[in-house]
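Here is the file start28.cif (mmCIF, C-alpha atoms and all ligand atoms).
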```cif
data_protein
loop_
_atom_site.label_atom_id
_atom_site.label_comp_id
_atom_site.auth_asym_id
_atom_site.auth_seq_id
_atom_site.Cartn_x
_atom_site.Cartn_y
_atom_site.Cartn_z
CA MET S 1 0.00 0.00 0.00
CA ILE S 2 1.29 3.41 -0.87
CA GLN S 3 0.21 6.56 0.86
CA ALA S 4 1.22 10.03 -0.05
CA ALA S 5 1.22 13.07 2.19
CA GLY S 6 1.05 16.69 1.16
CA ASN S 7 0.26 18.09 -2.23
CA CYS S 8 1.36 15.04 -4.15
CA GLN S 9 0.69 13.82 -7.60
CA LYS S 10 1.19 10.33 -8.80
CA ARG S 11 3.23 10.29 -11.98
CA PRO S 12 3.37 6.89 -13.62
CA THR S 13 6.33 6.62 -15.92
CA ALA S 14 6.98 4.26 -18.76
CA PRO S 15 9.81 1.88 -17.98
CA PRO S 16 12.57 1.85 -20.58
CA PHE S 17 12.48 -1.90 -20.98
CA GLY S 18 8.84 -2.55 -21.78
CA GLY S 19 6.31 -4.09 -19.42
CA GLU S 20 3.82 -2.25 -17.28
CA PRO S 21 4.53 1.33 -16.18
CA PHE S 22 5.66 1.71 -12.61
CA ASN S 23 2.78 3.27 -10.73
CA ASN S 24 4.37 3.16 -7.36
CA VAL S 25 6.87 5.95 -7.55
CA ILE S 26 5.19 9.04 -6.24
CA LEU S 27 6.67 12.32 -7.31
CA ALA S 28 5.47 15.65 -6.10
CA ARG S 29 5.90 19.35 -6.43
CA ALA S 30 5.25 19.54 -2.70
CA PRO S 31 8.36 20.09 -0.59
CA MET S 32 8.15 16.62 0.91
CA PHE S 33 6.38 13.50 -0.06
CA TRP S 34 6.43 10.04 1.27
CA PHE S 35 5.26 6.54 0.70
CA GLU S 36 5.26 3.59 2.98
CA LYS S 37 5.37 -0.16 2.47
CA GLY S 38 5.66 0.25 -1.27
CA LEU S 39 9.44 0.48 -1.36
CA LEU S 40 10.44 -2.17 1.10
CA PRO S 41 7.68 -4.60 1.93
CA PRO S 42 6.81 -6.20 4.27
CA HIS S 43 8.28 -3.91 6.87
CA ARG S 44 6.87 -0.57 7.87
CA VAL S 45 9.56 1.46 6.17
CA ILE S 46 8.81 5.12 5.64
CA ALA S 47 10.66 6.84 2.83
CA CYS S 48 10.54 10.64 2.64
CA PHE S 49 11.81 12.53 -0.36
CA SER S 50 12.52 16.12 -1.24
CA ASP S 51 13.12 17.87 -4.53
CA TYR S 52 15.16 20.54 -2.65
CA GLN S 53 12.43 23.15 -3.14
CA GLU S 54 11.76 23.72 0.54
CA PRO S 55 13.82 26.21 2.55
CA ALA S 56 16.84 24.81 4.39
CA THR S 57 15.97 23.41 7.80
CA PRO S 58 18.14 24.06 10.83
CA LEU S 59 20.69 21.46 11.91
CA TYR S 60 21.56 20.32 15.42
CA GLU S 61 24.90 21.49 16.80
CA VAL S 62 26.65 18.13 16.29
CA GLU S 63 25.45 18.02 12.68
CA ARG S 64 26.46 21.64 12.04
CA ALA S 65 29.93 21.02 13.44
CA TYR S 66 30.34 18.01 11.14
CA ILE S 67 29.23 19.70 7.91
CA SER S 68 30.09 23.40 8.34
CA GLY S 69 33.46 23.11 6.58
CA SER S 70 31.92 21.59 3.45
CA SER S 71 30.75 23.32 0.27
CA LYS S 72 27.37 25.04 0.16
CA VAL S 73 26.01 22.32 -2.13
CA ARG S 74 27.15 19.60 0.26
CA GLN S 75 25.71 21.49 3.25
CA ARG S 76 22.40 21.81 1.43
CA GLU S 77 22.15 18.10 0.56
CA PHE S 78 23.20 17.11 4.07
CA SER S 79 20.58 19.38 5.58
CA VAL S 80 17.79 18.22 3.24
CA GLY S 81 18.74 14.57 3.89
CA ARG S 82 18.43 15.19 7.63
CA ALA S 83 15.08 16.95 7.05
CA CYS S 84 13.78 13.91 5.13
CA ALA S 85 15.00 11.59 7.88
CA ARG S 86 13.41 13.68 10.63
CA ARG S 87 10.13 13.77 8.75
CA GLY S 88 10.24 9.97 8.53
CA LEU S 89 11.10 9.62 12.21
CA ALA S 90 8.21 11.91 13.11
CA LEU S 91 5.89 9.70 11.05
CA LEU S 92 7.19 6.76 13.11
CA GLY S 93 6.26 8.71 16.21
CA ARG S 94 9.83 9.49 17.27
CA ALA S 95 10.84 12.79 18.82
CA ALA S 96 13.07 15.11 16.81
CA GLY S 97 16.78 14.85 17.48
CA ALA S 98 20.23 14.99 15.95
CA ILE S 99 21.40 12.36 13.46
CA PRO S 100 25.20 12.52 13.69
CA SER S 101 27.56 10.84 11.23
CA ASP S 102 30.03 8.17 12.33
CA ALA S 103 33.70 7.92 11.34
CA TYR S 104 32.67 6.11 8.14
CA ARG S 105 30.04 8.73 7.24
CA ALA S 106 27.16 6.42 8.20
CA PRO S 107 24.24 8.14 9.96
CA VAL S 108 23.93 7.30 13.67
CA TRP S 109 20.24 6.60 14.10
CA PRO S 110 18.25 6.92 17.32
CA HIS S 111 17.89 3.83 19.49
CA ALA S 112 16.12 0.93 17.75
CA ILE S 113 15.85 2.79 14.42
CA VAL S 114 17.40 1.71 11.14
CA GLY S 115 17.61 3.95 8.12
CA SER S 116 19.44 5.21 5.09
CA ILE S 117 19.92 8.55 3.31
CA SER S 118 20.74 9.39 -0.30
CA HIS S 119 20.94 12.51 -2.40
CA CYS S 120 21.63 13.39 -5.99
CA ARG S 121 20.77 16.29 -8.28
CA GLY S 122 17.04 16.95 -8.10
CA LEU S 123 16.11 14.38 -5.47
CA CYS S 124 17.06 13.55 -1.92
CA GLY S 125 15.51 10.93 0.33
CA ALA S 126 15.67 9.01 3.58
CA ALA S 127 14.16 5.64 4.51
CA VAL S 128 13.60 4.86 8.19
CA ALA S 129 12.01 2.05 10.17
CA GLN S 130 11.84 0.57 13.62
CA ARG S 131 14.45 -2.15 14.04
CA ASN S 132 12.52 -5.31 14.80
CA GLU S 133 12.61 -9.07 14.55
CA ALA S 134 12.30 -8.85 10.76
CA LEU S 135 14.52 -5.88 9.96
CA ASN S 136 18.17 -5.33 10.85
CA SER S 137 19.38 -2.73 8.36
CA ILE S 138 18.32 -0.61 5.36
CA GLY S 139 20.25 0.74 2.41
CA MET S 140 18.77 3.22 -0.06
CA ASP S 141 20.33 4.98 -3.02
CA ILE S 142 19.12 7.55 -5.56
CA GLU S 143 20.83 8.29 -8.85
CA GLU S 144 19.93 10.35 -11.88
CA ARG S 145 18.87 8.11 -14.75
CA ARG S 146 21.80 7.19 -17.00
CA ALA S 147 24.19 9.06 -14.70
CA VAL S 148 26.92 6.44 -14.78
CA SER S 149 29.28 6.61 -17.72
CA PRO S 150 29.94 3.40 -19.67
CA ASP S 151 33.68 4.03 -19.02
CA LEU S 152 33.04 2.95 -15.45
CA ALA S 153 31.39 -0.36 -16.30
CA ASP S 154 34.60 -2.36 -15.88
CA MET S 155 35.17 -0.91 -12.43
CA ILE S 156 31.59 -1.43 -11.24
CA CYS S 157 30.51 -4.66 -12.90
CA LEU S 158 31.31 -8.33 -12.68
CA PRO S 159 31.55 -10.28 -15.96
CA GLU S 160 27.96 -11.59 -15.60
CA GLU S 161 26.68 -8.04 -15.13
CA ARG S 162 28.62 -6.79 -18.18
CA ALA S 163 27.16 -9.62 -20.24
CA TRP S 164 23.67 -8.53 -19.18
CA LEU S 165 24.43 -4.91 -20.12
CA SER S 166 25.58 -5.98 -23.57
CA SER S 167 22.09 -7.28 -24.33
CA PHE S 168 20.71 -3.71 -24.43
CA SER S 169 21.01 -0.78 -26.82
CA SER S 170 23.51 1.87 -25.71
CA VAL S 171 20.90 4.17 -24.08
CA GLN S 172 19.20 1.31 -22.25
CA SER S 173 22.54 -0.11 -21.29
CA ARG S 174 23.49 3.14 -19.58
CA ASP S 175 20.22 3.05 -17.64
CA ALA S 176 20.92 -0.54 -16.66
CA LEU S 177 24.50 0.27 -15.61
CA THR S 178 23.22 3.08 -13.41
CA ALA S 179 20.73 0.67 -11.87
CA ILE S 180 23.50 -1.84 -11.05
CA PHE S 181 25.63 0.94 -9.57
CA SER S 182 22.75 2.23 -7.48
CA ALA S 183 21.89 -1.26 -6.22
CA LYS S 184 25.52 -1.78 -5.15
CA GLU S 185 25.55 1.56 -3.33
CA ALA S 186 22.31 0.66 -1.52
CA PHE S 187 23.80 -2.74 -0.67
CA TYR S 188 26.93 -1.09 0.75
CA LYS S 189 24.88 1.31 2.89
CA CYS S 190 22.84 -1.61 4.19
CA LEU S 191 25.74 -3.93 5.01
CA HIS S 192 28.58 -1.64 6.05
CA PRO S 193 26.93 -0.60 9.34
CA VAL S 194 26.17 -4.26 10.17
CA THR S 195 29.47 -5.86 9.17
CA GLY S 196 31.82 -2.93 9.86
CA LEU S 197 33.55 -3.86 6.59
CA ILE S 198 34.61 -1.68 3.67
CA PHE S 199 34.24 -3.67 0.48
CA GLY S 200 34.33 -3.08 -3.26
CA PHE S 201 31.95 -3.45 -6.17
CA ASP S 202 33.14 -7.02 -6.80
CA ALA S 203 31.73 -8.16 -3.45
CA VAL S 204 28.20 -8.51 -4.81
CA LEU S 205 26.49 -9.66 -7.99
CA ILE S 206 23.35 -7.73 -8.94
CA ASP S 207 20.52 -9.18 -11.05
CA VAL S 208 17.98 -6.52 -11.98
CA ASP S 209 14.38 -7.37 -12.85
CA PHE S 210 13.05 -4.04 -14.13
CA SER S 211 9.56 -5.24 -14.90
CA GLY S 212 9.22 -6.77 -11.44
CA GLY S 213 10.71 -3.69 -9.74
CA ARG S 214 13.24 -5.86 -7.92
CA PHE S 215 16.86 -6.83 -7.86
CA ARG S 216 18.73 -9.72 -6.32
CA ALA S 217 22.06 -9.21 -4.57
CA THR S 218 24.31 -12.28 -4.17
CA LEU S 219 27.48 -12.03 -2.12
CA GLN S 220 30.57 -13.11 -4.03
CA THR S 221 32.77 -13.27 -0.99
CA PRO S 222 32.07 -13.74 2.72
CA LEU S 223 31.26 -10.50 4.53
CA PRO S 224 31.45 -11.89 8.05
CA PRO S 225 29.13 -12.72 9.64
CA LEU S 226 27.36 -13.18 6.30
CA PRO S 227 28.55 -16.16 4.24
CA ALA S 228 29.51 -16.01 0.54
CA THR S 229 26.50 -16.71 -1.73
CA TYR S 230 24.17 -15.08 0.84
CA ARG S 231 21.25 -13.59 -1.10
CA MET S 232 19.10 -10.55 -0.51
CA THR S 233 16.28 -9.02 -2.52
CA GLY S 234 15.97 -5.29 -3.10
CA GLU S 235 13.47 -2.95 -4.71
CA ILE S 236 14.08 -0.71 -7.70
CA ARG S 237 11.91 2.16 -8.91
CA LEU S 238 12.34 4.31 -12.00
CA SER S 239 10.90 7.74 -12.55
CA ASP S 240 11.46 9.95 -15.58
CA ASP S 241 14.61 11.35 -14.03
CA HIS S 242 15.79 9.07 -11.25
CA VAL S 243 16.43 5.50 -10.22
CA ILE S 244 15.82 4.59 -6.58
CA THR S 245 17.08 1.33 -5.10
CA ALA S 246 16.52 0.03 -1.60
CA ILE S 247 17.41 -3.16 0.19
CA THR S 248 16.92 -4.55 3.68
CA LEU S 249 18.77 -7.09 5.75
CA PRO S 250 16.32 -9.29 7.59
CA ALA S 251 16.82 -10.15 11.22
CA PRO S 252 17.58 -12.16 13.11
CA HIS S 253 19.94 -13.82 10.68
CA PRO S 254 21.57 -16.77 12.46
CA CYS S 255 24.98 -15.20 11.84
CA LEU S 256 23.88 -11.86 13.28
CA ALA S 257 22.13 -13.07 16.39
CA ASP S 258 24.93 -12.14 18.79
CA ARG S 259 26.15 -8.98 17.06
CA PRO S 260 26.06 -5.78 19.09
CA LYS S 261 23.69 -3.17 17.72
CA SER S 262 25.03 0.24 16.72
CA SER S 263 22.78 2.11 19.12
C1 LIG S 301 28.73 6.12 0.86
C2 LIG S 301 28.53 5.76 -0.60
C3 LIG S 301 27.98 4.35 -0.66
C4 LIG S 301 27.47 6.66 -1.24
O1 LIG S 301 27.84 8.01 -1.12
P1 LIG S 301 27.46 9.13 -2.20
O2 LIG S 301 28.08 8.76 -3.47
O3 LIG S 301 27.77 10.44 -1.63
O4 LIG S 301 25.95 8.96 -2.44
P2 LIG S 301 24.60 9.20 -1.63
O5 LIG S 301 24.23 10.61 -1.61
O6 LIG S 301 23.64 8.28 -2.23
O7 LIG S 301 24.85 8.69 -0.15
C5 LIG S 301 25.45 9.47 0.82
C6 LIG S 301 24.82 9.10 2.14
O8 LIG S 301 25.07 7.73 2.42
C7 LIG S 301 25.16 7.57 3.82
N1 LIG S 301 26.39 6.86 4.10
C8 LIG S 301 27.65 7.27 3.87
N2 LIG S 301 28.53 6.33 4.27
C9 LIG S 301 27.81 5.32 4.75
C10 LIG S 301 28.15 4.07 5.32
N3 LIG S 301 29.42 3.68 5.47
N4 LIG S 301 27.16 3.26 5.73
C11 LIG S 301 25.88 3.62 5.59
N5 LIG S 301 25.48 4.81 5.06
C12 LIG S 301 26.46 5.64 4.65
C13 LIG S 301 25.17 8.96 4.45
O9 LIG S 301 23.90 9.20 5.00
C14 LIG S 301 25.44 9.86 3.27
O10 LIG S 301 24.80 11.11 3.34
P3 LIG S 301 25.19 12.20 4.45
O11 LIG S 301 26.67 12.21 4.51
O12 LIG S 301 24.59 13.46 3.94
O13 LIG S 301 24.55 11.70 5.72
C15 LIG S 301 29.83 5.85 -1.42
O14 LIG S 301 30.35 7.09 -1.48
C16 LIG S 301 30.92 4.99 -0.86
O15 LIG S 301 31.63 5.32 0.07
N6 LIG S 301 31.06 3.81 -1.45
C17 LIG S 301 32.04 2.85 -1.02
C18 LIG S 301 32.40 1.96 -2.12
C19 LIG S 301 31.24 1.27 -2.69
O16 LIG S 301 30.32 1.84 -3.11
N7 LIG S 301 31.29 0.01 -2.73
C20 LIG S 301 30.21 -0.72 -3.30
C21 LIG S 301 30.29 -2.03 -2.71
S1 LIG S 301 29.11 -3.09 -3.42
#
```
Will you turn the file into structure tokens for me?
Amino acid sequence: MIQAAGNCQKRPTAPPFGGEPFNNVILARAPMFWFEKGLLPPHRVIACFSDYQEPATPLYEVERAYISGSSKVRQREFSVGRACARRGLALLGRAAGAIPSDAYRAPVWPHAIVGSISHCRGLCGAAVAQRNEALNSIGMDIEERRAVSPDLADMICLPEERAWLSSFSSVQSRDALTAIFSAKEAFYKCLHPVTGLIFGFDAVLIDVDFSGGRFRATLQTPLPPLPATYRMTGEIRLSDDHVITAITLPAPHPCLADRPKSS
């Protein structure tokens, strides 16, 4: 079920690869819009997005200290990302508070909350949820459609992924490459906070099913405590301008049962 708040309009877009249009990406002129359950079923994940039209929202002191030395553009995206996250937390019934960044840039969420933030030109978003027996971590990523240059395919893709790309025309292939990149970024944001590991693009194989709005992520190497060949399923949404990917790590995974939680 998808619910939208604010002055939202639903804008179905034709997928580039045939099949039914995606009806479940909600875009809006309103400063903020959100949908729940549509992106990451079956958990109650709330994803809030902004097109950067709203005025900048104030930061907490710890956030300001972290970002004040950065460029104006970076400060703006950081601030809008925090605004999206706070809106989501409010919808979960949580009081407003700071969301600091850790030494690896990962957001430090309030107690028992999991979440993820992403920003790119024209769209910024945050997904948040209560950590529970079915949900251990979230990763979300937003990219502009066709943002990733084909020159980068060798760096980003495994041979199987490159073979899949070669089945498309050049424009579609660039869309598909951006989708793989985005899925890997979402995967990293989901698994880095849980494993504490920094890993490269070759750590995971992505299979994208555009018409189903899903992708499968298969580990190519152990990321302790997760074993090699461990599989996760993510969601992918395309709008006219952006690709959004999101993935969750279920819990309790037998390997994760005794792991300390980040907060
Ligand atoms: C962090 C990263 C994944 C995305 O950063 P980006 O290109 O700036 O793109 P986005 O805007 O989508 O995401 C940035 C947000 O991700 C979140 N993030 C950053 N590092 C993170 C981490 N280690 N764990 C979880 N979330 C993280 C932050 O919220 C950050 O926004 P903020 O600094 O304003 O809070 C990327 O820069 C990176 O470090 N990648 C590592 C290598 C990699 O991608 N490997 C792929 C393995 S499959």
**OP:** Enumerate residues in contact with ligand LIG 301 (chain S): an atom-to-atom distance of at most 8 Å, counting only C-alpha atoms and all ligand atoms. Format the result as a PyMOL selection string.
**Re:** chain S and resi 74+77-79+81-82+101+104-107+116-120+124+139-143+181+183-193+198-204
**OP:** Please provide as a ChimeraX atom specification all residues within 12 Å of Gln172 (chain S), with the sequence filter that same-chain residues fewer than 3 positions apart are discarded (counting only C-alpha atoms).
**Re:** /S:15-18,145-148,150,164-169,175-179,210
Just-selected residues, C-alpha atoms written as a short mmCIF file (atom, residue, chain, number, x, y, z; two decimals), in the frame of the given file:
```cif
data_model
loop_
_atom_site.label_atom_id
_atom_site.label_comp_id
_atom_site.auth_asym_id
_atom_site.auth_seq_id
_atom_site.Cartn_x
_atom_site.Cartn_y
_atom_site.Cartn_z
CA PRO S 15 9.81 1.88 -17.98
CA PRO S 16 12.57 1.85 -20.58
CA PHE S 17 12.48 -1.90 -20.98
CA GLY S 18 8.84 -2.55 -21.78
CA ARG S 145 18.87 8.11 -14.75
CA ARG S 146 21.80 7.19 -17.00
CA ALA S 147 24.19 9.06 -14.70
CA VAL S 148 26.92 6.44 -14.78
CA PRO S 150 29.94 3.40 -19.67
CA TRP S 164 23.67 -8.53 -19.18
CA LEU S 165 24.43 -4.91 -20.12
CA SER S 166 25.58 -5.98 -23.57
CA SER S 167 22.09 -7.28 -24.33
CA PHE S 168 20.71 -3.71 -24.43
CA SER S 169 21.01 -0.78 -26.82
CA ASP S 175 20.22 3.05 -17.64
CA ALA S 176 20.92 -0.54 -16.66
CA LEU S 177 24.50 0.27 -15.61
CA THR S 178 23.22 3.08 -13.41
CA ALA S 179 20.73 0.67 -11.87
CA PHE S 210 13.05 -4.04 -14.13
#
```
Subject >> All residues 12 Å or closer to region 90-93 of chain S, only C-alpha atoms, same chain fewer than 3 positions away omitted, as a VMD selection string >> reply: chain S and resid 5 33 to 36 44 to 48 83 to 87 96 to 97 110 112 to 115 127 to 131
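Computed from the coordinates, the CA of His111 (chain S) to CA of Asn136 (chain S) distance equals 12.6 Å.
Checking S:His242, S:Arg121, S:Arg237, S:Arg162 one by one against Asp207 (chain S), counting all atoms listed in the file, you find the shortest gap at S:Arg162.
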Determine the axis-aligned bounding box of all atoms of region 163-173 of chain S present in the file, pad each side by 3 Å, and express its centre and edge lengths in Å to one decimal place as lines of an AutoDock Vina configuration file.
```
center_x = 23.2
center_y = -2.7
center_z = -23.0
size_x = 14.0
size_y = 19.8
size_z = 13.6
```
Original post:
Please, what distance in Å, to one decimal, runs between CA of Gln220 (chain S) and CA of Ile247 (chain S)?
Top reply: 17.0 Å
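For the pair CA of Thr245 (chain S) and CA of Thr218 (chain S), the separation is 15.4 Å.
Here the question is which of S:Ser149, S:Glu63, S:Pro227, S:Lys72 gets nearest to Ser170 (chain S) using all atoms listed in the file, and that residue is S:Ser149.
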**OP:** Name the residues, using the chain letters and numbers of the file, that sit within 8 Å of (26.9, -9.1, -11.8) when counting all atoms listed in the file, and give them as a PyMOL selection string.
**Re:** chain S and resi 157-162+204-207
Original post:
Taking (19.1, -10.0, -5.4) in the file's coordinates, which residues come within 7 Å, counting all atoms listed in the file, written as a ChimeraX atom specification?
Top reply: /S:206-207,215-218,231-234
Given the selection you just returned, output its residues as a file containing C-alpha atoms, formatted as a compact mmCIF listing (two decimals), in the coordinates of the input.
```
# COMPACT_ATOMS: atom_id res chain seq x y z
CA ILE S 206 23.35 -7.73 -8.94
CA ASP S 207 20.52 -9.18 -11.05
CA PHE S 215 16.86 -6.83 -7.86
CA ARG S 216 18.73 -9.72 -6.32
CA ALA S 217 22.06 -9.21 -4.57
CA THR S 218 24.31 -12.28 -4.17
CA ARG S 231 21.25 -13.59 -1.10
CA MET S 232 19.10 -10.55 -0.51
CA THR S 233 16.28 -9.02 -2.52
CA GLY S 234 15.97 -5.29 -3.10
```
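Using all atoms listed in the file, the shortest contact distance between Gly122 (chain S) and any of S:Val194, S:Val80, S:Ile236, S:Ala65 is found at S:Val80.
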